[in-house]
Every structure is written in structure tokens, then in C-alpha cells.
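What follows is model09.txt (compact mmCIF, C-alpha atoms).
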```
# COMPACT_ATOMS: atom_id res chain seq x y z
CA MET A 22 -5.89 9.26 41.94
CA PRO A 23 -2.44 8.20 40.64
CA LYS A 24 -2.09 7.44 36.97
CA ASN A 25 -2.13 3.73 36.19
CA LEU A 26 0.88 2.30 34.35
CA TYR A 27 0.43 -1.02 32.58
CA GLY A 28 2.70 -3.68 31.17
CA VAL A 29 6.32 -2.77 30.59
CA SER A 30 5.70 0.81 31.74
CA GLY A 31 4.52 -0.50 35.08
CA LEU A 32 7.73 -2.48 35.60
CA SER A 33 9.87 0.63 36.10
CA ARG A 34 7.50 2.19 38.64
CA GLY A 35 6.33 -0.98 40.33
CA VAL A 36 2.68 0.04 40.16
CA LEU A 37 -0.38 -1.49 38.57
CA SER A 38 -3.27 -0.41 40.82
CA PRO A 39 -4.40 2.95 42.23
CA TYR A 40 -3.02 1.89 45.60
CA SER A 41 0.58 1.82 44.33
CA ASN A 42 1.15 -1.66 45.74
CA PRO A 43 4.36 -3.28 44.55
CA VAL A 44 3.73 -5.91 41.91
CA SER A 45 5.30 -9.29 41.36
CA PHE A 46 7.27 -9.31 38.10
CA SER A 47 6.75 -12.99 37.42
CA LYS A 48 3.10 -13.33 38.32
CA GLU A 49 1.26 -10.05 37.88
CA ILE A 50 2.90 -8.41 34.87
CA LEU A 51 4.99 -10.94 32.94
CA SER A 52 4.39 -14.65 33.24
CA ILE A 53 4.72 -17.85 31.26
CA LYS A 54 1.72 -19.95 30.25
CA ARG A 55 1.16 -23.18 28.34
CA VAL A 56 -1.32 -23.09 25.45
CA ILE A 57 -4.08 -25.69 25.70
CA ASP A 58 -6.37 -24.37 22.96
CA ILE A 59 -6.64 -21.58 20.37
CA ILE A 60 -9.53 -19.98 18.46
CA LEU A 61 -8.78 -19.82 14.74
CA ASP A 62 -12.21 -19.80 13.10
CA GLN A 63 -15.95 -19.52 13.74
CA ASN A 64 -16.30 -23.26 14.32
CA HIS A 65 -14.54 -23.12 17.68
CA PRO A 66 -16.99 -23.72 20.58
CA LYS A 67 -15.72 -20.57 22.37
CA PHE A 68 -15.98 -18.35 19.27
CA LYS A 69 -19.08 -16.41 20.36
CA GLU A 70 -18.18 -16.37 24.05
CA TYR A 71 -14.98 -14.41 23.46
CA GLY A 72 -16.22 -11.88 20.90
CA GLU A 73 -16.73 -13.80 17.64
CA TRP A 74 -14.32 -12.50 14.99
CA ALA A 75 -12.48 -10.40 17.55
CA SER A 76 -11.52 -13.66 19.26
CA ILE A 77 -9.44 -15.00 16.35
CA GLY A 78 -5.97 -15.79 17.69
CA LEU A 79 -7.11 -15.88 21.33
CA VAL A 80 -5.52 -18.75 23.23
CA LEU A 81 -6.76 -20.62 26.24
CA ALA A 82 -3.78 -21.26 28.48
CA GLU A 83 -2.82 -22.51 31.90
CA GLU A 84 -0.07 -21.90 34.42
CA ILE A 85 2.93 -24.15 33.78
CA THR A 86 3.18 -24.92 37.48
CA SER A 87 0.50 -27.57 37.01
CA PRO A 88 0.55 -30.46 34.52
CA THR A 89 -1.86 -30.30 31.61
CA ASN A 90 -3.74 -33.35 32.89
CA ASN A 91 -4.73 -31.49 36.06
CA LYS A 92 -8.39 -30.72 35.36
CA SER A 93 -8.60 -28.21 38.20
CA ASN A 94 -6.01 -25.92 36.64
CA ALA A 95 -7.62 -22.59 35.68
CA VAL A 96 -8.06 -21.82 31.98
CA ILE A 97 -7.00 -18.26 31.13
CA PRO A 98 -8.02 -16.41 27.94
CA ILE A 99 -5.05 -14.54 26.47
CA TYR A 100 -5.11 -12.28 23.41
CA PRO A 101 -2.41 -11.79 20.74
CA LEU A 102 -0.30 -8.70 21.43
CA PHE A 103 0.33 -7.58 17.84
CA PRO A 104 -2.62 -6.68 15.59
CA ASN A 105 -0.80 -6.95 12.25
CA ILE A 106 1.73 -9.74 12.85
CA LYS A 107 -0.08 -13.06 13.14
CA GLN A 108 2.24 -15.62 14.73
CA TYR A 109 -0.12 -17.85 16.64
CA PRO A 110 1.20 -20.60 18.92
CA LEU A 111 0.45 -24.30 18.74
CA ILE A 112 -1.10 -26.32 21.54
CA ASN A 113 1.48 -27.15 24.23
CA GLU A 114 3.79 -24.29 23.23
CA LEU A 115 4.82 -21.81 25.93
CA ILE A 116 4.07 -18.11 25.69
CA ILE A 117 5.08 -15.01 27.64
CA THR A 118 2.03 -13.07 28.74
CA LEU A 119 1.76 -9.39 29.53
CA VAL A 120 -0.91 -7.50 31.50
CA LEU A 121 -2.26 -4.53 29.53
CA PRO A 122 -5.50 -2.53 29.25
CA SER A 123 -8.65 -4.27 28.02
CA THR A 124 -11.47 -3.04 25.80
CA GLU A 125 -13.22 -1.69 28.93
CA LEU A 126 -10.54 0.93 29.52
CA GLU A 127 -12.87 3.84 28.70
CA THR A 128 -15.21 2.97 31.55
CA ASN A 129 -12.76 1.36 33.96
CA LEU A 130 -9.19 2.65 34.08
CA THR A 131 -8.01 -0.40 35.99
CA SER A 132 -9.53 -2.89 33.55
CA THR A 133 -6.85 -5.24 32.21
CA ARG A 134 -6.46 -8.50 30.38
CA GLN A 135 -3.53 -10.63 29.32
CA TYR A 136 -1.78 -10.55 25.94
CA TYR A 137 0.87 -12.90 24.60
CA PHE A 138 4.12 -12.66 22.68
CA PRO A 139 5.07 -15.27 20.03
CA PRO A 140 5.96 -18.75 21.39
CA LEU A 141 9.11 -19.30 23.40
CA ASN A 142 12.07 -20.78 21.54
CA VAL A 143 12.30 -23.81 23.84
CA TRP A 144 13.79 -26.28 21.35
CA GLY A 145 15.43 -23.86 18.92
CA SER A 146 13.06 -25.05 16.22
CA GLN A 147 11.06 -22.93 13.80
CA HIS A 148 8.72 -25.90 13.25
CA HIS A 149 7.35 -26.10 16.81
CA ASN A 150 8.47 -25.58 20.39
CA ALA A 151 5.81 -27.49 22.26
CA ILE A 152 6.64 -28.89 25.67
CA PRO A 153 3.84 -30.77 27.44
CA GLY A 154 3.34 -30.97 31.20
CA VAL A 155 5.95 -32.88 33.16
CA SER A 156 3.63 -35.84 33.62
CA ASN A 157 1.91 -35.63 30.28
CA PRO A 158 4.30 -36.37 27.40
CA PRO A 159 3.13 -39.07 24.98
CA PRO A 160 4.95 -42.41 25.33
CA SER A 161 7.08 -42.06 22.20
CA GLN A 162 8.15 -38.56 23.23
CA ARG A 163 8.83 -39.18 26.93
CA LYS A 164 12.52 -39.88 26.38
CA ASP A 165 12.86 -36.95 24.00
CA TYR A 166 11.44 -34.49 26.53
CA GLN A 167 12.60 -35.92 29.86
CA GLN A 168 16.19 -36.79 28.92
CA THR A 169 17.00 -33.79 26.75
CA GLU A 170 19.57 -31.70 28.54
CA ALA A 171 18.83 -28.06 29.22
CA GLY A 172 19.66 -26.01 26.15
CA SER A 173 20.08 -29.04 23.91
CA VAL A 174 18.28 -29.53 20.66
CA ARG A 175 15.36 -31.92 20.80
CA LYS A 176 16.19 -34.86 18.51
CA VAL A 177 13.39 -37.22 17.56
CA THR A 178 15.05 -40.25 16.02
CA ASP A 179 12.38 -42.90 16.52
CA GLY A 180 9.77 -41.31 14.25
CA GLY A 181 7.40 -40.64 17.14
CA THR A 182 5.20 -37.56 16.74
CA GLU A 183 2.36 -38.18 19.18
CA ILE A 184 2.46 -34.85 20.97
CA LYS A 185 -0.77 -32.84 20.74
CA LEU A 186 -0.09 -29.72 18.65
CA GLY A 187 -3.56 -28.93 17.33
CA ASP A 188 -6.40 -30.39 15.30
CA THR A 189 -4.60 -30.42 11.94
CA PHE A 190 -0.95 -29.59 12.60
CA VAL A 191 1.30 -32.63 12.13
CA GLU A 192 4.87 -32.65 13.38
CA GLN A 193 7.38 -33.28 10.60
CA LEU A 194 10.85 -34.50 11.44
CA ASN A 195 12.57 -33.18 8.30
CA ILE A 196 11.78 -29.45 8.52
CA ASN A 197 15.18 -27.85 9.11
CA PRO A 198 16.04 -24.39 10.40
CA LEU A 199 18.02 -22.14 8.08
CA GLN A 200 21.73 -21.62 8.57
CA PRO A 201 22.25 -17.99 9.63
CA PHE A 202 25.14 -15.80 8.51
CA GLU A 203 26.45 -12.58 9.97
CA GLY A 204 23.98 -9.73 9.58
CA ASP A 205 21.11 -11.86 8.28
CA HIS A 206 17.49 -11.01 9.02
CA ILE A 207 15.53 -14.25 8.63
CA LEU A 208 11.81 -14.94 8.88
CA GLU A 209 10.88 -18.64 8.96
CA GLY A 210 7.50 -20.33 8.82
CA ARG A 211 6.82 -23.71 10.35
CA PHE A 212 6.70 -25.61 7.06
CA GLY A 213 9.95 -24.93 5.23
CA ASN A 214 8.94 -21.49 3.98
CA SER A 215 11.27 -18.57 4.65
CA LEU A 216 12.41 -15.07 3.80
CA ARG A 217 16.08 -14.17 4.18
CA PHE A 218 17.51 -10.65 3.95
CA GLY A 219 21.17 -11.55 3.70
CA SER A 220 24.44 -10.74 2.00
CA SER A 221 27.59 -12.25 0.58
CA LYS A 222 31.04 -11.02 1.54
CA GLY A 223 29.25 -9.19 4.34
CA LYS A 224 28.20 -6.34 2.03
CA ASP A 225 26.51 -7.48 -1.20
CA PRO A 226 22.75 -7.83 -0.56
CA ILE A 227 20.69 -10.86 -1.49
CA THR A 228 17.06 -11.63 -0.73
CA LYS A 229 15.76 -15.21 -0.83
CA ILE A 230 12.11 -16.22 -0.69
CA ARG A 231 11.57 -19.95 -0.35
CA ASN A 232 8.34 -21.92 -0.17
CA GLY A 233 8.95 -25.55 0.68
CA GLN A 234 12.23 -27.17 1.63
CA GLY A 235 13.81 -29.66 -0.75
CA PRO A 236 14.67 -33.25 0.29
CA GLN A 237 17.97 -32.42 1.97
CA THR A 238 18.04 -34.21 5.33
CA ASN A 239 15.92 -36.24 7.75
CA GLU A 240 17.61 -34.67 10.77
CA GLY A 241 15.22 -31.80 11.40
CA TRP A 242 17.43 -30.16 14.03
CA VAL A 243 20.37 -29.54 11.64
CA ASN A 244 20.69 -26.08 10.05
CA ILE A 245 20.68 -26.00 6.26
CA GLU A 246 20.85 -23.41 3.49
CA GLU A 247 18.31 -22.75 0.76
CA ASN A 248 18.71 -24.82 -2.40
CA ILE A 249 17.15 -23.12 -5.41
CA GLN A 250 17.44 -26.31 -7.47
CA GLU A 251 15.67 -28.54 -4.93
CA ASP A 252 13.34 -26.24 -2.99
CA LYS A 253 9.73 -26.32 -4.15
CA ALA A 254 9.40 -22.65 -5.13
CA SER A 255 11.98 -19.86 -4.92
CA ILE A 256 12.46 -16.20 -5.73
CA TYR A 257 15.99 -14.82 -5.47
CA LEU A 258 16.92 -11.14 -5.76
CA THR A 259 20.69 -10.84 -6.20
CA SER A 260 23.36 -8.17 -6.54
CA THR A 261 26.72 -9.88 -7.27
CA GLN A 262 25.99 -13.52 -6.48
CA GLN A 263 26.24 -16.44 -8.90
CA ILE A 264 23.28 -18.74 -8.22
CA PRO A 265 23.76 -22.46 -9.04
CA LEU A 266 20.49 -22.86 -10.91
CA GLN A 267 20.53 -25.33 -13.79
CA PRO A 268 17.81 -24.37 -16.31
CA ASN A 269 15.95 -27.11 -18.14
CA THR A 270 17.59 -26.11 -21.40
CA PHE A 271 20.64 -24.13 -22.51
CA ASN A 272 19.53 -23.96 -26.16
CA TYR A 273 20.50 -20.50 -27.37
CA ASN A 274 20.93 -21.46 -31.04
CA SER A 275 18.85 -18.49 -32.17
CA TYR A 276 21.60 -16.15 -30.96
CA SER A 277 24.73 -15.12 -32.82
CA THR A 278 26.26 -14.47 -29.39
CA SER A 279 24.62 -16.47 -26.58
CA PRO A 280 23.59 -14.70 -23.36
CA GLU A 281 25.65 -15.44 -20.26
CA SER A 282 24.32 -18.58 -18.57
CA VAL A 283 22.09 -18.24 -15.51
CA ASN A 284 24.57 -19.84 -13.11
CA GLN A 285 27.51 -17.73 -14.34
CA TYR A 286 25.87 -14.32 -14.29
CA SER A 287 27.11 -12.18 -11.38
CA LYS A 288 25.23 -8.91 -11.74
CA PRO A 289 21.83 -7.96 -10.29
CA GLN A 290 19.11 -10.36 -11.40
CA ILE A 291 15.84 -11.91 -10.22
CA LEU A 292 15.41 -15.67 -10.46
CA LEU A 293 12.14 -17.57 -10.14
CA ASN A 294 12.20 -21.35 -9.97
CA SER A 295 9.34 -23.78 -9.36
CA GLY A 296 7.47 -26.69 -10.89
CA ARG A 297 5.24 -24.22 -12.74
CA ILE A 298 5.09 -20.44 -13.08
CA VAL A 299 1.91 -18.55 -13.98
CA LEU A 300 1.79 -14.83 -14.82
CA ASN A 301 -1.77 -13.58 -15.01
CA ALA A 302 -2.91 -9.98 -15.45
CA ASN A 303 -6.66 -10.07 -14.79
CA GLN A 304 -7.28 -6.41 -15.64
CA ASN A 305 -4.53 -5.15 -17.92
CA HIS A 306 -1.30 -6.08 -19.72
CA ILE A 307 1.73 -8.23 -19.08
CA LEU A 308 4.67 -6.14 -20.28
CA LEU A 309 8.06 -7.76 -20.83
CA SER A 310 10.90 -5.37 -21.56
CA ALA A 311 14.63 -5.97 -21.89
CA ALA A 312 17.69 -3.90 -22.81
CA LYS A 313 19.04 -6.72 -24.98
CA SER A 314 16.73 -9.64 -25.71
CA ILE A 315 13.80 -11.70 -24.49
CA ASN A 316 14.42 -15.42 -24.79
CA LEU A 317 11.66 -18.05 -24.80
CA ASN A 318 13.22 -21.46 -24.36
CA SER A 319 11.56 -24.85 -24.00
CA GLN A 320 12.40 -28.53 -24.24
CA ASP A 321 9.11 -29.20 -26.02
CA SER A 322 7.32 -26.29 -27.69
CA VAL A 323 6.61 -22.58 -27.52
CA ASN A 324 2.90 -21.94 -28.04
CA ILE A 325 1.14 -18.62 -28.58
CA ASP A 326 -2.66 -18.49 -28.51
CA SER A 327 -4.87 -15.45 -28.91
CA LYS A 328 -8.61 -14.96 -29.28
CA ASN A 329 -8.07 -11.96 -31.52
CA LYS A 330 -4.70 -11.48 -33.24
CA VAL A 331 -0.93 -11.87 -32.87
CA VAL A 332 1.11 -8.83 -33.95
CA ILE A 333 4.88 -8.99 -34.48
CA ASN A 334 6.35 -5.58 -35.24
CA SER A 335 9.98 -5.73 -36.26
CA PRO A 336 12.16 -4.49 -39.15
CA GLN A 337 13.51 -8.03 -39.55
CA ILE A 338 11.86 -11.37 -38.86
CA TYR A 339 13.74 -14.66 -39.28
CA LEU A 340 11.78 -17.91 -39.44
CA GLY A 341 13.56 -21.24 -39.11
CA GLY A 342 16.84 -19.91 -37.74
CA LYS A 343 19.13 -16.91 -37.35
CA ASP A 344 20.76 -17.65 -40.73
CA ALA A 345 17.52 -17.65 -42.75
CA THR A 346 18.04 -15.99 -46.17
CA GLU A 347 14.91 -16.88 -48.17
CA PRO A 348 12.47 -13.96 -48.18
CA ILE A 349 8.76 -14.54 -47.60
CA LEU A 350 6.56 -13.72 -50.60
CA LEU A 351 4.02 -10.95 -50.25
CA GLY A 352 0.62 -12.58 -50.66
CA ASN A 353 -1.36 -9.85 -52.44
CA LYS A 354 1.45 -8.84 -54.78
CA THR A 355 2.25 -12.46 -55.63
CA ILE A 356 -1.38 -13.20 -56.47
CA ASP A 357 -1.68 -10.03 -58.56
CA LEU A 358 1.41 -11.02 -60.54
CA LEU A 359 0.17 -14.58 -61.06
CA ARG A 360 -3.25 -13.30 -62.10
CA ASP A 361 -1.77 -10.98 -64.72
CA THR A 362 0.53 -13.72 -66.05
CA LEU A 363 -2.17 -16.38 -66.22
CA THR A 364 -4.64 -13.99 -67.80
CA ALA A 365 -2.17 -13.10 -70.55
CA PHE A 366 -1.38 -16.77 -71.11
CA GLN A 367 -5.07 -17.59 -71.20
CA SER A 368 -5.60 -14.99 -73.95
CA ILE A 369 -3.00 -16.76 -76.07
CA LEU A 370 -4.67 -20.11 -75.47
CA ASN A 371 -8.03 -18.66 -76.47
CA GLN A 372 -6.50 -17.75 -79.84
CA LEU A 373 -4.85 -21.14 -80.24
CA GLN A 374 -8.19 -22.87 -79.65
CA ILE A 375 -9.61 -21.37 -82.88
CA LEU A 376 -6.41 -21.25 -84.92
CA GLN A 377 -6.83 -22.74 -88.48
CA SER A 378 -4.13 -24.10 -90.81
CA LEU A 379 -3.59 -23.85 -94.55
CA PRO A 380 -5.22 -24.67 -96.88
CA PRO A 381 -7.82 -22.34 -95.45
CA GLY A 382 -10.29 -23.98 -93.13
CA ALA A 383 -8.06 -26.93 -92.11
CA PRO A 384 -7.86 -27.05 -88.29
CA PHE A 385 -4.74 -27.66 -86.10
CA ALA A 386 -6.57 -30.51 -84.42
CA SER A 387 -4.05 -31.55 -81.79
CA LEU A 388 -3.11 -27.96 -80.95
CA ASN A 389 -6.72 -26.94 -80.56
CA VAL A 390 -7.43 -29.81 -78.15
CA GLN A 391 -4.38 -29.08 -76.00
CA ALA A 392 -5.20 -25.37 -75.86
CA ALA A 393 -8.71 -26.16 -74.62
CA ILE A 394 -7.37 -28.44 -71.87
CA SER A 395 -4.77 -25.86 -70.76
CA ASN A 396 -7.37 -23.16 -70.80
CA GLN A 397 -9.57 -25.12 -68.37
CA THR A 398 -6.59 -25.66 -66.06
CA ILE A 399 -5.72 -21.97 -66.03
CA SER A 400 -9.37 -21.06 -65.39
CA LYS A 401 -9.34 -23.25 -62.28
CA ALA A 402 -6.05 -21.67 -61.13
CA LEU A 403 -7.42 -18.18 -61.56
CA ALA A 404 -10.53 -19.09 -59.56
CA SER A 405 -8.47 -20.44 -56.63
CA LEU A 406 -5.88 -17.65 -56.39
CA GLU A 407 -7.64 -15.95 -53.45
CA THR A 408 -7.54 -19.17 -51.43
CA LEU A 409 -3.73 -18.97 -51.37
CA LYS A 410 -3.89 -16.03 -48.96
CA SER A 411 -3.89 -16.84 -45.22
CA PRO A 412 -7.01 -15.51 -43.47
CA ASN A 413 -5.04 -15.03 -40.21
CA ASN A 414 -1.41 -14.11 -40.89
CA LYS A 415 -0.29 -10.77 -42.33
CA THR A 416 3.08 -9.22 -43.18
CA LEU A 417 4.33 -5.92 -44.58
```
Take the structure in this file and express it as C-alpha cells.
Amino acid sequence: MPKNLYGVSGLSRGVLSPYSNPVSFSKEILSIKRVIDIILDQNHPKFKEYGEWASIGLVLAEEITSPTNNKSNAVIPIYPLFPNIKQYPLINELIITLVLPSTELETNLTSTRQYYFPPLNVWGSQHHNAIPGVSNPPPSQRKDYQQTEAGSVRKVTDGGTEIKLGDTFVEQLNINPLQPFEGDHILEGRFGNSLRFGSSKGKDPITKIRNGQGPQTNEGWVNIEENIQEDKASIYLTSTQQIPLQPNTFNYNSYSTSPESVNQYSKPQILLNSGRIVLNANQNHILLSAAKSINLNSQDSVNIDSKNKVVINSPQIYLGGKDATEPILLGNKTIDLLRDTLTAFQSILNQLQILQSLPPGAPFASLNVQAAISNQTISKALASLETLKSPNNKTL
């Protein structure tokens, strides 16, 4: 029995069955279908019927020769082609399907089923490329779909977004495609998230990760570039590029020579910009290391909290500013010195308290009283010396 060739391999030999019958390229091996439903979770009514968790990503589709409102049109289950790249279509998007072996291949060499490639780029939009049946566009979209010239960009200018795309997916009219440049490799999501492997001057690499497009235009068909200042969250990896990011503060007063500003630096750097940035090491350390300096800069405050201790190990520590000249007193040595001084002074006062004048036996009344009062004051000071030491902060 001749060896069966499936899919693309079968195209070159023109065989799909043991009988070596010529196949139709458009119908039997490669064809175009319209998605009418997709299984994405266990709540789908067809989840168990098509293999439970193995059915995730399976689409139910129909031939595009019949409108979607034709109830007699056969529903075809079609599986995603790639196991590790999940780019599932929306309802009403078109897909290219391919006939390949099924899970029953071990017992039946001719067993096949259909698989699909990512959606067709009908409208040139990364947001969606749905195109309903010829008699089934929603009223607000009828002009957009029926009067758009072949190859033209679909422009929705009346705000209408009634086309059925899924249970939760909502068409947005301000999600723009990225402007490509020579040599770019761009991956775009449907929601203004993207990854660009690009360059400047055609040779200097730059990688841009963007999550959420900034408010740049309401014409969703116009190509735009990333905007690190306006996009919702960005990570840029640069080589020679100057990135026009304006930090919240340029306060480098702690430096004798300020670092080069973020938007002027033109050597390799990594920039992160978003409404909030969280670094969390749930098992080990966060280690920050720099060849020159680490700058913490804020418009409000810099806070450091620890459940145990804060250790600063440095040969020089300046508090209050880079020009600080007043040294910090050493707590233990200062208290020891004060204790010795006050103790010696207290010994003198003890003698003055009992000092007598001439003739013998005549007291120095006023001096005795003052010595007693001073002695009490010094006793209190000696008793409170230990309270002067901070229980938390230490220095060398």
C-alpha cells in the first residue's frame, strides 16, 4: 500500500488516500473557513464532546461559501496547528485550514482532521480581522464591510462596533498597528501590547516591550510608534539610542557631578516606565549593583522598612547633604565620657555640701544648699544616660 502523505507534503505528490487519487488544493488540503465559535475553557457546552482540556483552542467553523445565518451550513471542528504558540481567532475571523493526521493515526493510517493557521490578515489590523457573511453584517457595519474596496483598510468612523467577535471581546476603534521599519520583527497583541525587535540606523539593536497604547489617536487604522512617556507600561533595551523619557524628578543634588540624564544617555541601558513598578523576590535577595552609583530619587519621600535591621556599610556616610562636615558622636564613648565627668563633678559637690566656714563650725549656708540641688540634678542625669542611646541605630 502506498505511503500516505498529508498536508503540505501531499501537495507536491497530489496524493492523500491509498488510491493515489488527485486531490483538490482548495477543498481537500488547504481551505478557508469562517469561525463561528471557539472553546476556551471548561464552561463551553462542547468542552467534553471534543476531548475536555485537549479541546482548548478548537474552533467550530463553516465554509465561507454560505452566509453565517444559513442554519444548514455544516459546522466543522478544527484544531490549532501549533502546540506552543497560542494565537486563537475571534468569531467571524477567517482561517486557513490544513488536513493532517488525527489522534487515531496509530490505528488508522488514513485518519485525518483539520488544523488551522492564525487568522487571515483581511483588514490589516492586529486588533481583529473579522468579516461576517455577505448577508450578515450588523447594520452599523454594513457600509464598512460592503463598501470597503478590496485591499483597503477598514475605517469605522461612526463608532459602530456591533459585529459579533466573542462573548467578552469588545472592538476598540483606537487600537493602532505599529509603524514598521526596515528589518523589524514585530509581535503585536490585539490590545495595544507589543514586542519589537528593531534597530536604529539599520544596525544598532533596540528591543521594545509595550503593554497598553497611550492616548495617541482615535483612527485605529493609522500606524503609530511606541511612546514610552504615554504608553501604560514599557521596557526598552537599547544600544545607542536616546530615549525621550522624562523622569518625575531630575534632583541629583546629592552628587558632586550629576549622572547623565535619562533622555541624553546614548549607551546601552534598560528603561522601565509605568504607573507603578514592583520588584519582589519571594525566595531570596534583590541585588542592585552598579559600577558608579545607585540613585534613589523621589518627589515625596524615600522610605526603608525592615522587620529586622538596616545595615549601611561604608567608609563614609553623609547625612543631610554631600557637603556635611559635622561628625556624628559615638554613643557609648560619649556616654562614658559624660559619666566620668559628671561623677567627678558630683564628688566635688558632695564635699561642698558639708563644707564649713571659719570660725569653726559655721556653715556656708547658701553654698551648701546650692550644692545639694546640683547634686540631685547630676544624679538624675547619671541615671538617664543610658536612655540617650538609640535601641535601633548603630554606627562604628
Atom pair atom CA of Asn414 of chain A + atom CA of Asp321 of chain A, distance 23.7 Å
Which polymer residues have any atom within 10 Å of an atom of Ser295 of chain A, counting all atoms listed in the file, with same-chain residues fewer than 5 positions away left out, as a CSV table (one decimal) with C-alpha atoms, keeping the file's coordinate frame?
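Resulting contents of selection_28.csv:
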```csv
chain,number,residue,atom,x,y,z
A,232,ASN,CA,8.3,-21.9,-0.2
A,249,ILE,CA,17.2,-23.1,-5.4
A,250,GLN,CA,17.4,-26.3,-7.5
A,251,GLU,CA,15.7,-28.5,-4.9
A,252,ASP,CA,13.3,-26.2,-3.0
A,253,LYS,CA,9.7,-26.3,-4.2
A,254,ALA,CA,9.4,-22.6,-5.1
A,255,SER,CA,12.0,-19.9,-4.9
A,256,ILE,CA,12.5,-16.2,-5.7
```
Sphere at (5.5, -14.5, -46.0), radius 9 Å, counting all atoms listed in the file: residues as a VMD selection string: chain A and resid 348 to 352 414 to 417
Which distance in Å separates atom CA of Leu208 of chain A and atom CA of Ile106 of chain A, to one decimal? 12.0 Å
Distance criterion (only C-alpha atoms): nearest to Ser146 of chain A out of A:Leu199, A:Leu340, A:Val96, A:Leu119: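 Using only C-alpha atoms, Ser146 of chain A sits closest to A:Leu199.
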Kindly give the distance, in Å, that separates atom CA of Gly342 of chain A and atom CA of Tyr273 of chain A, rounded to a single decimal.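 One can read the atom CA of Gly342 of chain A to atom CA of Tyr273 of chain A distance as 11.0 Å.
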Tell me which protein, DNA and RNA residues are within 8 Å of Ala82 of chain A, counting all atoms listed in the file, leaving out same-chain ones fewer than 6 positions away, and put them as a VMD selection string. chain A and resid 54 to 58 96 to 99
